$ cat my_file-v2.pdb   # PDB, C-alpha atoms
ATOM      1  CA  MET A   1     -27.927 -10.938 -11.676  1.00  0.00           C
ATOM      2  CA  ASP A   2     -26.934  -9.458  -8.296  1.00  0.00           C
ATOM      3  CA  ASN A   3     -23.301  -9.187  -7.296  1.00  0.00           C
ATOM      4  CA  LYS A   4     -21.928  -9.208 -10.852  1.00  0.00           C
ATOM      5  CA  GLY A   5     -18.145  -9.137 -10.605  1.00  0.00           C
ATOM      6  CA  ARG A   6     -18.321  -9.236  -6.791  1.00  0.00           C
ATOM      7  CA  TYR A   7     -15.283 -11.536  -6.703  1.00  0.00           C
ATOM      8  CA  ALA A   8     -13.451 -10.296  -9.814  1.00  0.00           C
ATOM      9  CA  TYR A   9     -10.717  -8.416  -7.868  1.00  0.00           C
ATOM     10  CA  GLU A  10      -9.748  -6.211 -10.826  1.00  0.00           C
ATOM     11  CA  GLY A  11      -7.418  -4.260  -8.507  1.00  0.00           C
ATOM     12  CA  LEU A  12      -4.996  -7.195  -8.196  1.00  0.00           C
ATOM     13  CA  ASP A  13      -2.400  -5.727 -10.587  1.00  0.00           C
ATOM     14  CA  ARG A  14      -0.690  -8.647 -12.370  1.00  0.00           C
ATOM     15  CA  ILE A  15       2.761  -7.088 -12.053  1.00  0.00           C
ATOM     16  CA  LEU A  16       2.452  -6.898  -8.265  1.00  0.00           C
ATOM     17  CA  HIS A  17       0.402 -10.083  -7.752  1.00  0.00           C
ATOM     18  CA  GLU A  18       3.351 -12.394  -8.274  1.00  0.00           C
ATOM     19  CA  LYS A  19       4.764 -14.225  -5.281  1.00  0.00           C
ATOM     20  CA  ALA A  20       8.415 -13.138  -5.640  1.00  0.00           C
ATOM     21  CA  ARG A  21       7.586  -9.540  -6.597  1.00  0.00           C
ATOM     22  CA  LEU A  22       5.193  -9.328  -3.649  1.00  0.00           C
ATOM     23  CA  GLY A  23       8.112 -10.187  -1.361  1.00  0.00           C
ATOM     24  CA  ILE A  24      10.422  -7.682  -3.070  1.00  0.00           C
ATOM     25  CA  MET A  25       7.888  -4.861  -2.810  1.00  0.00           C
ATOM     26  CA  THR A  26       7.105  -5.643   0.843  1.00  0.00           C
ATOM     27  CA  SER A  27      10.831  -5.609   1.666  1.00  0.00           C
ATOM     28  CA  LEU A  28      11.323  -2.276  -0.107  1.00  0.00           C
ATOM     29  CA  LEU A  29       8.247  -0.636   1.412  1.00  0.00           C
ATOM     30  CA  ALA A  30       9.929  -0.484   4.822  1.00  0.00           C
ATOM     31  CA  ARG A  31      13.145   1.028   3.406  1.00  0.00           C
ATOM     32  CA  PRO A  32      12.594   4.351   1.643  1.00  0.00           C
ATOM     33  CA  ASP A  33      16.397   4.661   1.214  1.00  0.00           C
ATOM     34  CA  GLY A  34      16.572   1.343  -0.587  1.00  0.00           C
ATOM     35  CA  LEU A  35      18.103  -2.087  -0.101  1.00  0.00           C
ATOM     36  CA  LEU A  36      21.238  -3.619  -1.591  1.00  0.00           C
ATOM     37  CA  PHE A  37      20.757  -6.379  -4.161  1.00  0.00           C
ATOM     38  CA  ASN A  38      22.382  -9.022  -1.975  1.00  0.00           C
ATOM     39  CA  HIS A  39      20.300  -8.182   1.050  1.00  0.00           C
ATOM     40  CA  LEU A  40      17.095  -8.280  -0.997  1.00  0.00           C
ATOM     41  CA  LYS A  41      18.147 -11.637  -2.422  1.00  0.00           C
ATOM     42  CA  GLU A  42      18.482 -13.095   1.081  1.00  0.00           C
ATOM     43  CA  LEU A  43      15.245 -11.606   2.367  1.00  0.00           C
ATOM     44  CA  CYS A  44      13.253 -13.028  -0.561  1.00  0.00           C
ATOM     45  CA  ASN A  45      15.168 -16.313  -0.935  1.00  0.00           C
ATOM     46  CA  LEU A  46      15.824 -15.696  -4.628  1.00  0.00           C
ATOM     47  CA  THR A  47      18.740 -16.540  -6.919  1.00  0.00           C
ATOM     48  CA  ASP A  48      20.708 -13.746  -8.621  1.00  0.00           C
ATOM     49  CA  GLY A  49      19.030 -14.546 -11.933  1.00  0.00           C
ATOM     50  CA  ASN A  50      15.509 -14.633 -10.541  1.00  0.00           C
ATOM     51  CA  LEU A  51      15.905 -11.422  -8.571  1.00  0.00           C
ATOM     52  CA  SER A  52      17.392  -9.643 -11.633  1.00  0.00           C
ATOM     53  CA  ARG A  53      14.498 -10.776 -13.795  1.00  0.00           C
ATOM     54  CA  HIS A  54      11.850  -9.575 -11.322  1.00  0.00           C
ATOM     55  CA  LEU A  55      13.652  -6.268 -10.737  1.00  0.00           C
ATOM     56  CA  GLN A  56      13.648  -5.698 -14.502  1.00  0.00           C
ATOM     57  CA  VAL A  57       9.869  -6.162 -14.623  1.00  0.00           C
ATOM     58  CA  LEU A  58       9.368  -3.737 -11.711  1.00  0.00           C
ATOM     59  CA  HIS A  59      11.826  -1.229 -13.187  1.00  0.00           C
ATOM     60  CA  GLN A  60      10.137  -1.251 -16.587  1.00  0.00           C
ATOM     61  CA  ALA A  61       6.847  -0.563 -14.840  1.00  0.00           C
ATOM     62  CA  THR A  62       8.532   2.428 -13.082  1.00  0.00           C
ATOM     63  CA  LEU A  63       7.749   0.932  -9.687  1.00  0.00           C
ATOM     64  CA  ILE A  64      11.397   0.877  -8.568  1.00  0.00           C
ATOM     65  CA  GLU A  65      14.667   2.737  -9.178  1.00  0.00           C
ATOM     66  CA  ILE A  66      18.050   1.000  -9.494  1.00  0.00           C
ATOM     67  CA  PHE A  67      21.400   2.662  -8.681  1.00  0.00           C
ATOM     68  CA  LYS A  68      24.939   1.408  -9.210  1.00  0.00           C
ATOM     69  CA  GLY A  69      27.692   2.434  -6.801  1.00  0.00           C
ATOM     70  CA  TYR A  70      30.476   1.227  -4.520  1.00  0.00           C
ATOM     71  CA  GLU A  71      30.546   0.179  -0.902  1.00  0.00           C
ATOM     72  CA  LYS A  72      33.939  -0.639   0.649  1.00  0.00           C
ATOM     73  CA  LYS A  73      35.345  -0.480  -2.899  1.00  0.00           C
ATOM     74  CA  ARG A  74      33.040  -3.264  -4.114  1.00  0.00           C
ATOM     75  CA  PRO A  75      30.441  -2.586  -6.818  1.00  0.00           C
ATOM     76  CA  GLN A  76      26.906  -2.695  -5.452  1.00  0.00           C
ATOM     77  CA  THR A  77      23.366  -2.350  -6.715  1.00  0.00           C
ATOM     78  CA  LEU A  78      20.841  -0.369  -4.698  1.00  0.00           C
ATOM     79  CA  VAL A  79      17.117  -0.805  -5.257  1.00  0.00           C
ATOM     80  CA  ARG A  80      14.334   1.399  -3.960  1.00  0.00           C
ATOM     81  CA  LEU A  81      10.654   2.148  -4.535  1.00  0.00           C
ATOM     82  CA  THR A  82       9.604   5.128  -6.629  1.00  0.00           C
ATOM     83  CA  GLY A  83       6.788   7.325  -5.330  1.00  0.00           C
ATOM     84  CA  GLU A  84       4.532   5.728  -7.934  1.00  0.00           C
ATOM     85  CA  GLY A  85       5.658   2.258  -6.842  1.00  0.00           C
ATOM     86  CA  ARG A  86       4.772   3.005  -3.265  1.00  0.00           C
ATOM     87  CA  GLU A  87       1.333   4.351  -4.200  1.00  0.00           C
ATOM     88  CA  ARG A  88       0.480   1.503  -6.544  1.00  0.00           C
ATOM     89  CA  PHE A  89       1.639  -1.103  -4.053  1.00  0.00           C
ATOM     90  CA  LEU A  90      -0.450   0.435  -1.259  1.00  0.00           C
ATOM     91  CA  ALA A  91      -3.509   0.390  -3.567  1.00  0.00           C
ATOM     92  CA  TYR A  92      -2.797  -3.242  -4.431  1.00  0.00           C
ATOM     93  CA  LEU A  93      -2.559  -4.077  -0.728  1.00  0.00           C
ATOM     94  CA  GLU A  94      -5.984  -2.572  -0.099  1.00  0.00           C
ATOM     95  CA  GLU A  95      -7.466  -4.939  -2.674  1.00  0.00           C
ATOM     96  CA  LEU A  96      -5.553  -7.849  -1.153  1.00  0.00           C
ATOM     97  CA  GLU A  97      -7.026  -7.004   2.221  1.00  0.00           C
ATOM     98  CA  ARG A  98     -10.469  -7.076   0.624  1.00  0.00           C
ATOM     99  CA  VAL A  99      -9.792 -10.651  -0.574  1.00  0.00           C
ATOM    100  CA  VAL A 100      -8.765 -11.720   2.924  1.00  0.00           C
ATOM    101  CA  GLN A 101     -11.854 -10.100   4.454  1.00  0.00           C
ATOM    102  CA  ASP A 102     -14.216 -11.580   1.821  1.00  0.00           C
ATOM    103  CA  ALA A 103     -12.760 -15.014   2.404  1.00  0.00           C
ATOM    104  CA  ALA A 104     -12.983 -14.699   6.182  1.00  0.00           C
ATOM    105  CA  SER A 105     -16.620 -13.688   5.843  1.00  0.00           C
ATOM    106  CA  SER A 106     -17.246 -16.581   3.401  1.00  0.00           C
ATOM    107  CA  ALA A 107     -15.661 -19.027   5.823  1.00  0.00           C
ATOM    108  CA  ARG A 108     -17.904 -17.753   8.642  1.00  0.00           C
ATOM    109  CA  GLN A 109     -21.049 -18.110   6.506  1.00  0.00           C
ATOM    110  CA  ALA A 110     -20.263 -21.739   5.732  1.00  0.00           C
ATOM    111  CA  CYS A 111     -20.682 -23.481   9.062  1.00  0.00           C
ATOM    112  CA  SER A 112     -20.838 -26.987   7.626  1.00  0.00           C
ATOM    113  CA  GLY A 113     -19.171 -29.051   4.940  1.00  0.00           C
ATOM    114  CA  PRO A 114     -20.924 -30.360   1.796  1.00  0.00           C
ATOM    115  CA  THR A 115     -24.009 -32.464   2.388  1.00  0.00           C
ATOM    116  CA  GLY A 116     -23.533 -35.224  -0.191  1.00  0.00           C
ATOM    117  CA  VAL A 117     -24.089 -35.398  -3.945  1.00  0.00           C
ATOM    118  CA  PRO A 118     -27.313 -33.635  -4.973  1.00  0.00           C
ATOM    119  CA  ALA A 119     -29.962 -36.121  -6.185  1.00  0.00           C
ATOM    120  CA  GLY A 120     -29.803 -36.698  -9.928  1.00  0.00           C
ATOM    121  CA  TRP A 121     -26.405 -34.998 -10.391  1.00  0.00           C
ATOM    122  CA  MET A 122     -23.385 -36.933 -11.659  1.00  0.00           C
ATOM    123  CA  PRO A 123     -19.689 -36.185 -11.169  1.00  0.00           C
ATOM    124  CA  ALA A 124     -18.139 -34.744 -14.366  1.00  0.00           C
TER     125      ALA A 124
ATOM    126  CA  MET B   1      22.440 -12.849   7.358  1.00  0.00           C
ATOM    127  CA  ASP B   2      19.424 -12.246   9.605  1.00  0.00           C
ATOM    128  CA  ASN B   3      15.913 -12.713   8.285  1.00  0.00           C
ATOM    129  CA  LYS B   4      16.875 -15.064   5.455  1.00  0.00           C
ATOM    130  CA  GLY B   5      13.727 -15.814   3.468  1.00  0.00           C
ATOM    131  CA  ARG B   6      11.711 -13.474   5.698  1.00  0.00           C
ATOM    132  CA  TYR B   7       9.727 -12.272   2.667  1.00  0.00           C
ATOM    133  CA  ALA B   8       9.818 -15.458   0.565  1.00  0.00           C
ATOM    134  CA  TYR B   9       6.130 -16.369   1.190  1.00  0.00           C
ATOM    135  CA  GLU B  10       6.600 -20.031   0.244  1.00  0.00           C
ATOM    136  CA  GLY B  11       3.016 -20.726   1.369  1.00  0.00           C
ATOM    137  CA  LEU B  12       1.527 -18.764  -1.544  1.00  0.00           C
ATOM    138  CA  ASP B  13       0.530 -21.863  -3.537  1.00  0.00           C
ATOM    139  CA  ARG B  14       0.835 -21.007  -7.247  1.00  0.00           C
ATOM    140  CA  ILE B  15      -2.422 -22.752  -8.129  1.00  0.00           C
ATOM    141  CA  LEU B  16      -4.396 -20.613  -5.686  1.00  0.00           C
ATOM    142  CA  HIS B  17      -2.371 -17.397  -6.065  1.00  0.00           C
ATOM    143  CA  GLU B  18      -3.928 -16.506  -9.406  1.00  0.00           C
ATOM    144  CA  LYS B  19      -6.372 -13.623  -9.551  1.00  0.00           C
ATOM    145  CA  ALA B  20      -9.293 -15.450 -11.219  1.00  0.00           C
ATOM    146  CA  ARG B  21      -8.860 -18.644  -9.194  1.00  0.00           C
ATOM    147  CA  LEU B  22      -8.699 -16.587  -6.001  1.00  0.00           C
ATOM    148  CA  GLY B  23     -12.133 -15.192  -6.877  1.00  0.00           C
ATOM    149  CA  ILE B  24     -13.525 -18.626  -7.728  1.00  0.00           C
ATOM    150  CA  MET B  25     -12.269 -20.155  -4.476  1.00  0.00           C
ATOM    151  CA  THR B  26     -13.570 -17.237  -2.377  1.00  0.00           C
ATOM    152  CA  SER B  27     -17.005 -17.560  -4.026  1.00  0.00           C
ATOM    153  CA  LEU B  28     -17.094 -21.304  -3.365  1.00  0.00           C
ATOM    154  CA  LEU B  29     -15.878 -21.057   0.224  1.00  0.00           C
ATOM    155  CA  ALA B  30     -19.186 -19.524   1.305  1.00  0.00           C
ATOM    156  CA  ARG B  31     -21.235 -22.227  -0.478  1.00  0.00           C
ATOM    157  CA  PRO B  32     -20.504 -25.735   0.759  1.00  0.00           C
ATOM    158  CA  ASP B  33     -23.343 -27.028  -1.459  1.00  0.00           C
ATOM    159  CA  GLY B  34     -21.745 -25.505  -4.549  1.00  0.00           C
ATOM    160  CA  LEU B  35     -22.521 -22.878  -7.160  1.00  0.00           C
ATOM    161  CA  LEU B  36     -23.813 -23.214 -10.711  1.00  0.00           C
ATOM    162  CA  PHE B  37     -21.354 -22.471 -13.513  1.00  0.00           C
ATOM    163  CA  ASN B  38     -23.326 -19.448 -14.751  1.00  0.00           C
ATOM    164  CA  HIS B  39     -23.593 -17.895 -11.319  1.00  0.00           C
ATOM    165  CA  LEU B  40     -19.871 -18.339 -10.705  1.00  0.00           C
ATOM    166  CA  LYS B  41     -19.163 -16.772 -14.103  1.00  0.00           C
ATOM    167  CA  GLU B  42     -21.095 -13.631 -13.137  1.00  0.00           C
ATOM    168  CA  LEU B  43     -19.605 -13.364  -9.659  1.00  0.00           C
ATOM    169  CA  CYS B  44     -16.057 -13.551 -11.028  1.00  0.00           C
ATOM    170  CA  ASN B  45     -16.627 -11.601 -14.267  1.00  0.00           C
ATOM    171  CA  LEU B  46     -15.176 -14.379 -16.407  1.00  0.00           C
ATOM    172  CA  THR B  47     -15.984 -15.669 -19.891  1.00  0.00           C
ATOM    173  CA  ASP B  48     -17.160 -19.277 -20.363  1.00  0.00           C
ATOM    174  CA  GLY B  49     -13.771 -20.224 -21.763  1.00  0.00           C
ATOM    175  CA  ASN B  50     -11.764 -18.630 -18.988  1.00  0.00           C
ATOM    176  CA  LEU B  51     -13.909 -20.063 -16.216  1.00  0.00           C
ATOM    177  CA  SER B  52     -13.714 -23.554 -17.780  1.00  0.00           C
ATOM    178  CA  ARG B  53      -9.939 -23.347 -18.023  1.00  0.00           C
ATOM    179  CA  HIS B  54      -9.513 -22.287 -14.390  1.00  0.00           C
ATOM    180  CA  LEU B  55     -12.001 -24.915 -13.159  1.00  0.00           C
ATOM    181  CA  GLN B  56      -9.974 -27.557 -14.976  1.00  0.00           C
ATOM    182  CA  VAL B  57      -6.801 -26.483 -13.155  1.00  0.00           C
ATOM    183  CA  LEU B  58      -8.586 -26.553  -9.777  1.00  0.00           C
ATOM    184  CA  HIS B  59     -10.244 -29.901 -10.570  1.00  0.00           C
ATOM    185  CA  GLN B  60      -6.944 -31.530 -11.560  1.00  0.00           C
ATOM    186  CA  ALA B  61      -5.483 -30.339  -8.261  1.00  0.00           C
ATOM    187  CA  THR B  62      -8.485 -32.019  -6.490  1.00  0.00           C
ATOM    188  CA  LEU B  63      -9.478 -28.689  -4.953  1.00  0.00           C
ATOM    189  CA  ILE B  64     -12.998 -28.742  -6.429  1.00  0.00           C
ATOM    190  CA  GLU B  65     -15.641 -31.243  -7.573  1.00  0.00           C
ATOM    191  CA  ILE B  66     -17.737 -30.772 -10.705  1.00  0.00           C
ATOM    192  CA  PHE B  67     -21.218 -32.296 -11.183  1.00  0.00           C
ATOM    193  CA  LYS B  68     -23.458 -32.382 -14.243  1.00  0.00           C
ATOM    194  CA  GLY B  69     -27.230 -32.328 -13.837  1.00  0.00           C
ATOM    195  CA  TYR B  70     -30.476 -30.666 -14.840  1.00  0.00           C
ATOM    196  CA  GLU B  71     -32.384 -27.740 -13.434  1.00  0.00           C
ATOM    197  CA  LYS B  72     -35.763 -26.879 -14.994  1.00  0.00           C
ATOM    198  CA  LYS B  73     -34.890 -29.417 -17.738  1.00  0.00           C
ATOM    199  CA  ARG B  74     -31.762 -27.457 -18.719  1.00  0.00           C
ATOM    200  CA  PRO B  75     -28.303 -29.021 -18.381  1.00  0.00           C
ATOM    201  CA  GLN B  76     -26.281 -27.392 -15.629  1.00  0.00           C
ATOM    202  CA  THR B  77     -22.836 -27.656 -14.114  1.00  0.00           C
ATOM    203  CA  LEU B  78     -22.428 -27.483 -10.353  1.00  0.00           C
ATOM    204  CA  VAL B  79     -19.052 -26.693  -8.794  1.00  0.00           C
ATOM    205  CA  ARG B  80     -18.055 -27.077  -5.171  1.00  0.00           C
ATOM    206  CA  LEU B  81     -14.985 -27.230  -2.949  1.00  0.00           C
ATOM    207  CA  THR B  82     -13.601 -30.568  -1.808  1.00  0.00           C
ATOM    208  CA  GLY B  83     -12.590 -30.940   1.850  1.00  0.00           C
ATOM    209  CA  GLU B  84      -8.973 -30.755   0.713  1.00  0.00           C
ATOM    210  CA  GLY B  85      -9.724 -27.623  -1.331  1.00  0.00           C
ATOM    211  CA  ARG B  86     -11.231 -25.913   1.674  1.00  0.00           C
ATOM    212  CA  GLU B  87      -8.275 -26.807   3.897  1.00  0.00           C
ATOM    213  CA  ARG B  88      -5.643 -25.766   1.378  1.00  0.00           C
ATOM    214  CA  PHE B  89      -7.423 -22.506   0.613  1.00  0.00           C
ATOM    215  CA  LEU B  90      -7.697 -21.634   4.311  1.00  0.00           C
ATOM    216  CA  ALA B  91      -3.941 -22.308   4.717  1.00  0.00           C
ATOM    217  CA  TYR B  92      -3.231 -20.119   1.689  1.00  0.00           C
ATOM    218  CA  LEU B  93      -5.367 -17.342   3.183  1.00  0.00           C
ATOM    219  CA  GLU B  94      -3.343 -17.424   6.398  1.00  0.00           C
ATOM    220  CA  GLU B  95      -0.186 -16.775   4.372  1.00  0.00           C
ATOM    221  CA  LEU B  96      -1.949 -14.001   2.449  1.00  0.00           C
ATOM    222  CA  GLU B  97      -2.904 -12.387   5.730  1.00  0.00           C
ATOM    223  CA  ARG B  98       0.769 -12.530   6.736  1.00  0.00           C
ATOM    224  CA  VAL B  99       1.663 -10.577   3.569  1.00  0.00           C
ATOM    225  CA  VAL B 100      -0.919  -7.900   4.367  1.00  0.00           C
ATOM    226  CA  GLN B 101       0.310  -7.617   7.963  1.00  0.00           C
ATOM    227  CA  ASP B 102       3.994  -7.497   6.930  1.00  0.00           C
ATOM    228  CA  ALA B 103       3.251  -4.767   4.421  1.00  0.00           C
ATOM    229  CA  ALA B 104       1.190  -2.759   6.909  1.00  0.00           C
ATOM    230  CA  SER B 105       4.048  -2.968   9.379  1.00  0.00           C
ATOM    231  CA  SER B 106       6.572  -1.995   6.642  1.00  0.00           C
ATOM    232  CA  ALA B 107       4.446   0.996   5.685  1.00  0.00           C
ATOM    233  CA  ARG B 108       4.320   2.111   9.340  1.00  0.00           C
ATOM    234  CA  GLN B 109       8.138   1.837   9.698  1.00  0.00           C
ATOM    235  CA  ALA B 110       8.724   4.031   6.659  1.00  0.00           C
ATOM    236  CA  CYS B 111       7.513   7.416   7.798  1.00  0.00           C
ATOM    237  CA  SER B 112       9.189   9.344   5.002  1.00  0.00           C
ATOM    238  CA  GLY B 113       9.827   9.031   1.281  1.00  0.00           C
ATOM    239  CA  PRO B 114      13.295   8.600  -0.284  1.00  0.00           C
ATOM    240  CA  THR B 115      15.813  11.279   0.599  1.00  0.00           C
ATOM    241  CA  GLY B 116      17.516  11.881  -2.756  1.00  0.00           C
ATOM    242  CA  VAL B 117      20.142   9.926  -4.707  1.00  0.00           C
ATOM    243  CA  PRO B 118      22.909   8.625  -2.427  1.00  0.00           C
ATOM    244  CA  ALA B 119      26.236  10.423  -3.062  1.00  0.00           C
ATOM    245  CA  GLY B 120      28.373   8.687  -5.653  1.00  0.00           C
ATOM    246  CA  TRP B 121      25.606   6.341  -6.869  1.00  0.00           C
ATOM    247  CA  MET B 122      24.329   6.444 -10.434  1.00  0.00           C
ATOM    248  CA  PRO B 123      20.953   5.365 -11.829  1.00  0.00           C
ATOM    249  CA  ALA B 124      21.286   2.030 -13.669  1.00  0.00           C
TER     250      ALA B 124
END

$ encode --input "my_file-v2.pdb" --output "structure tokens"
Amino acid sequence: MDNKGRYAYEGLDRILHEKARLGIMTSLLARPDGLLFNHLKELCNLTDGNLSRHLQVLHQATLIEIFKGYEKKRPQTLVRLTGEGRERFLAYLEELERVVQDAASSARQACSGPTGVPAGWMPA
Amino acid sequence: MDNKGRYAYEGLDRILHEKARLGIMTSLLARPDGLLFNHLKELCNLTDGNLSRHLQVLHQATLIEIFKGYEKKRPQTLVRLTGEGRERFLAYLEELERVVQDAASSARQACSGPTGVPAGWMPA
């Protein structure tokens, strides 16, 4: 059959294709020097626990680096993308853009809504 | 703090923001009259079991309709978007486009890679 796997989107890496992690990675992409934990938490509207959990997943996948240090004598956590993280996220974003373009083209093709139940077919 | 929740992406509906279901919905968007189960399976590179499971989730959320019928005397299943499914998917796609645009703008801001470990900070 034509178009086998046309809409499979294999490039949508499951680690990156998660709502909260998508926000974290987008925040970090703009800041090669990293972001502090508390700032990231605000930007992504996450609790301490949730942010920690997602950072652990990204860290284990070597997509981010985590540093501990002090700012104004208070302990702080700094998070930033690794080179690999940046590359993998940019590749993921290309696939995401493909989804958006496919869907826009699908929406254009379909000028009208459904035309009623096909004769002889029954709702499941 | 400024920009609270700037990257929270609350509009990324968890039912739609799943790789396989994203493919199914994009396939169906172009076909207001629906697609047969076997065609959808090929387009999205899914097994019978996986496709059935995802269709059930979408059906329970009233995003799709499922019809049973016959074609050339063989039993067939036809799947199509509901009006609500179409509307919700288009709203989801707008949010997805916002992610892509945010990330593109983040990538433009960050001209350079990280500049070395900040003084006094230690890897976690």

$ calpha_fit_and_write --input "my_file-v2.pdb" --fixed "chain A" --moving "chain B" --output "CSV table (one decimal) with C-alpha atoms, keeping the file's coordinate frame"
chain,number,residue,atom,x,y,z
B,1,MET,CA,-27.9,-11.0,-11.6
B,2,ASP,CA,-26.9,-9.6,-8.3
B,3,ASN,CA,-23.3,-9.2,-7.3
B,4,LYS,CA,-22.0,-9.2,-10.8
B,5,GLY,CA,-18.2,-9.1,-10.6
B,6,ARG,CA,-18.3,-9.2,-6.8
B,7,TYR,CA,-15.3,-11.5,-6.7
B,8,ALA,CA,-13.5,-10.3,-9.8
B,9,TYR,CA,-10.7,-8.4,-7.9
B,10,GLU,CA,-9.8,-6.2,-10.8
B,11,GLY,CA,-7.4,-4.2,-8.6
B,12,LEU,CA,-5.0,-7.2,-8.2
B,13,ASP,CA,-2.4,-5.7,-10.6
B,14,ARG,CA,-0.7,-8.6,-12.4
B,15,ILE,CA,2.7,-7.1,-12.1
B,16,LEU,CA,2.4,-6.9,-8.3
B,17,HIS,CA,0.4,-10.0,-7.8
B,18,GLU,CA,3.3,-12.4,-8.3
B,19,LYS,CA,4.7,-14.2,-5.3
B,20,ALA,CA,8.4,-13.1,-5.6
B,21,ARG,CA,7.6,-9.5,-6.6
B,22,LEU,CA,5.2,-9.3,-3.7
B,23,GLY,CA,8.1,-10.2,-1.4
B,24,ILE,CA,10.4,-7.7,-3.1
B,25,MET,CA,7.9,-4.9,-2.8
B,26,THR,CA,7.1,-5.6,0.8
B,27,SER,CA,10.8,-5.6,1.7
B,28,LEU,CA,11.3,-2.3,-0.1
B,29,LEU,CA,8.2,-0.6,1.4
B,30,ALA,CA,9.9,-0.5,4.8
B,31,ARG,CA,13.1,1.0,3.4
B,32,PRO,CA,12.6,4.3,1.6
B,33,ASP,CA,16.4,4.7,1.2
B,34,GLY,CA,16.6,1.3,-0.6
B,35,LEU,CA,18.1,-2.1,-0.1
B,36,LEU,CA,21.2,-3.6,-1.6
B,37,PHE,CA,20.7,-6.4,-4.2
B,38,ASN,CA,22.4,-9.1,-2.0
B,39,HIS,CA,20.3,-8.2,1.1
B,40,LEU,CA,17.1,-8.3,-1.0
B,41,LYS,CA,18.1,-11.7,-2.4
B,42,GLU,CA,18.4,-13.1,1.1
B,43,LEU,CA,15.2,-11.6,2.4
B,44,CYS,CA,13.2,-13.0,-0.6
B,45,ASN,CA,15.1,-16.3,-0.9
B,46,LEU,CA,15.8,-15.7,-4.6
B,47,THR,CA,18.7,-16.6,-6.9
B,48,ASP,CA,20.7,-13.8,-8.6
B,49,GLY,CA,19.0,-14.6,-11.9
B,50,ASN,CA,15.5,-14.6,-10.6
B,51,LEU,CA,15.9,-11.4,-8.6
B,52,SER,CA,17.4,-9.7,-11.6
B,53,ARG,CA,14.5,-10.8,-13.8
B,54,HIS,CA,11.8,-9.6,-11.3
B,55,LEU,CA,13.7,-6.3,-10.7
B,56,GLN,CA,13.7,-5.7,-14.5
B,57,VAL,CA,9.9,-6.1,-14.6
B,58,LEU,CA,9.4,-3.7,-11.7
B,59,HIS,CA,11.8,-1.2,-13.2
B,60,GLN,CA,10.1,-1.2,-16.6
B,61,ALA,CA,6.8,-0.5,-14.8
B,62,THR,CA,8.6,2.5,-13.1
B,63,LEU,CA,7.8,1.0,-9.7
B,64,ILE,CA,11.4,0.9,-8.6
B,65,GLU,CA,14.7,2.7,-9.2
B,66,ILE,CA,18.0,1.0,-9.5
B,67,PHE,CA,21.4,2.6,-8.7
B,68,LYS,CA,24.9,1.4,-9.2
B,69,GLY,CA,27.7,2.4,-6.8
B,70,TYR,CA,30.5,1.2,-4.5
B,71,GLU,CA,30.6,0.1,-0.9
B,72,LYS,CA,33.9,-0.7,0.7
B,73,LYS,CA,35.4,-0.5,-2.9
B,74,ARG,CA,33.0,-3.3,-4.1
B,75,PRO,CA,30.4,-2.6,-6.8
B,76,GLN,CA,26.9,-2.7,-5.4
B,77,THR,CA,23.4,-2.4,-6.7
B,78,LEU,CA,20.9,-0.4,-4.7
B,79,VAL,CA,17.1,-0.8,-5.2
B,80,ARG,CA,14.3,1.4,-4.0
B,81,LEU,CA,10.7,2.2,-4.5
B,82,THR,CA,9.6,5.1,-6.6
B,83,GLY,CA,6.8,7.4,-5.3
B,84,GLU,CA,4.6,5.8,-7.9
B,85,GLY,CA,5.7,2.3,-6.8
B,86,ARG,CA,4.8,3.0,-3.3
B,87,GLU,CA,1.3,4.4,-4.2
B,88,ARG,CA,0.5,1.6,-6.5
B,89,PHE,CA,1.6,-1.1,-4.0
B,90,LEU,CA,-0.5,0.5,-1.3
B,91,ALA,CA,-3.5,0.4,-3.6
B,92,TYR,CA,-2.8,-3.2,-4.4
B,93,LEU,CA,-2.6,-4.0,-0.7
B,94,GLU,CA,-6.0,-2.5,-0.1
B,95,GLU,CA,-7.5,-4.9,-2.7
B,96,LEU,CA,-5.6,-7.8,-1.2
B,97,GLU,CA,-7.0,-7.0,2.2
B,98,ARG,CA,-10.5,-7.0,0.6
B,99,VAL,CA,-9.8,-10.6,-0.6
B,100,VAL,CA,-8.8,-11.7,2.9
B,101,GLN,CA,-11.9,-10.1,4.5
B,102,ASP,CA,-14.2,-11.6,1.8
B,103,ALA,CA,-12.8,-15.0,2.4
B,104,ALA,CA,-13.0,-14.7,6.2
B,105,SER,CA,-16.6,-13.7,5.8
B,106,SER,CA,-17.3,-16.6,3.4
B,107,ALA,CA,-15.7,-19.0,5.8
B,108,ARG,CA,-17.9,-17.7,8.6
B,109,GLN,CA,-21.1,-18.1,6.5
B,110,ALA,CA,-20.3,-21.7,5.7
B,111,CYS,CA,-20.7,-23.5,9.0
B,112,SER,CA,-20.8,-27.0,7.6
B,113,GLY,CA,-19.1,-29.0,4.9
B,114,PRO,CA,-20.9,-30.3,1.8
B,115,THR,CA,-23.9,-32.5,2.4
B,116,GLY,CA,-23.5,-35.3,-0.2
B,117,VAL,CA,-24.0,-35.4,-3.9
B,118,PRO,CA,-27.3,-33.7,-5.0
B,119,ALA,CA,-29.9,-36.2,-6.2
B,120,GLY,CA,-29.7,-36.8,-9.9
B,121,TRP,CA,-26.4,-35.1,-10.4
B,122,MET,CA,-23.3,-36.9,-11.6
B,123,PRO,CA,-19.6,-36.2,-11.1
B,124,ALA,CA,-18.1,-34.7,-14.3

$ closest_residue --input "my_file-v2.pdb" --among "A:Leu43, A:Arg21, A:Pro118, A:Leu28" --to "chain B" --atoms "all atoms listed in the file"
A:Leu43

$ residues_around --input "my_file-v2.pdb" --residues "stretch 88-95 of chain B" --least-positions-apart "4" --cutoff "9 Å" --atoms "all atoms listed in the file" --output "number ranges by chain"
A: 99-100, 103-104, 107; B: 9-13, 16-17, 22, 25-26, 29, 63, 83-84, 99-100

$ atom_distance --input "my_file-v2.pdb" --atom1 "atom CA of B:Gln76" --atom2 "atom CA of B:Leu36"
6.9 Å
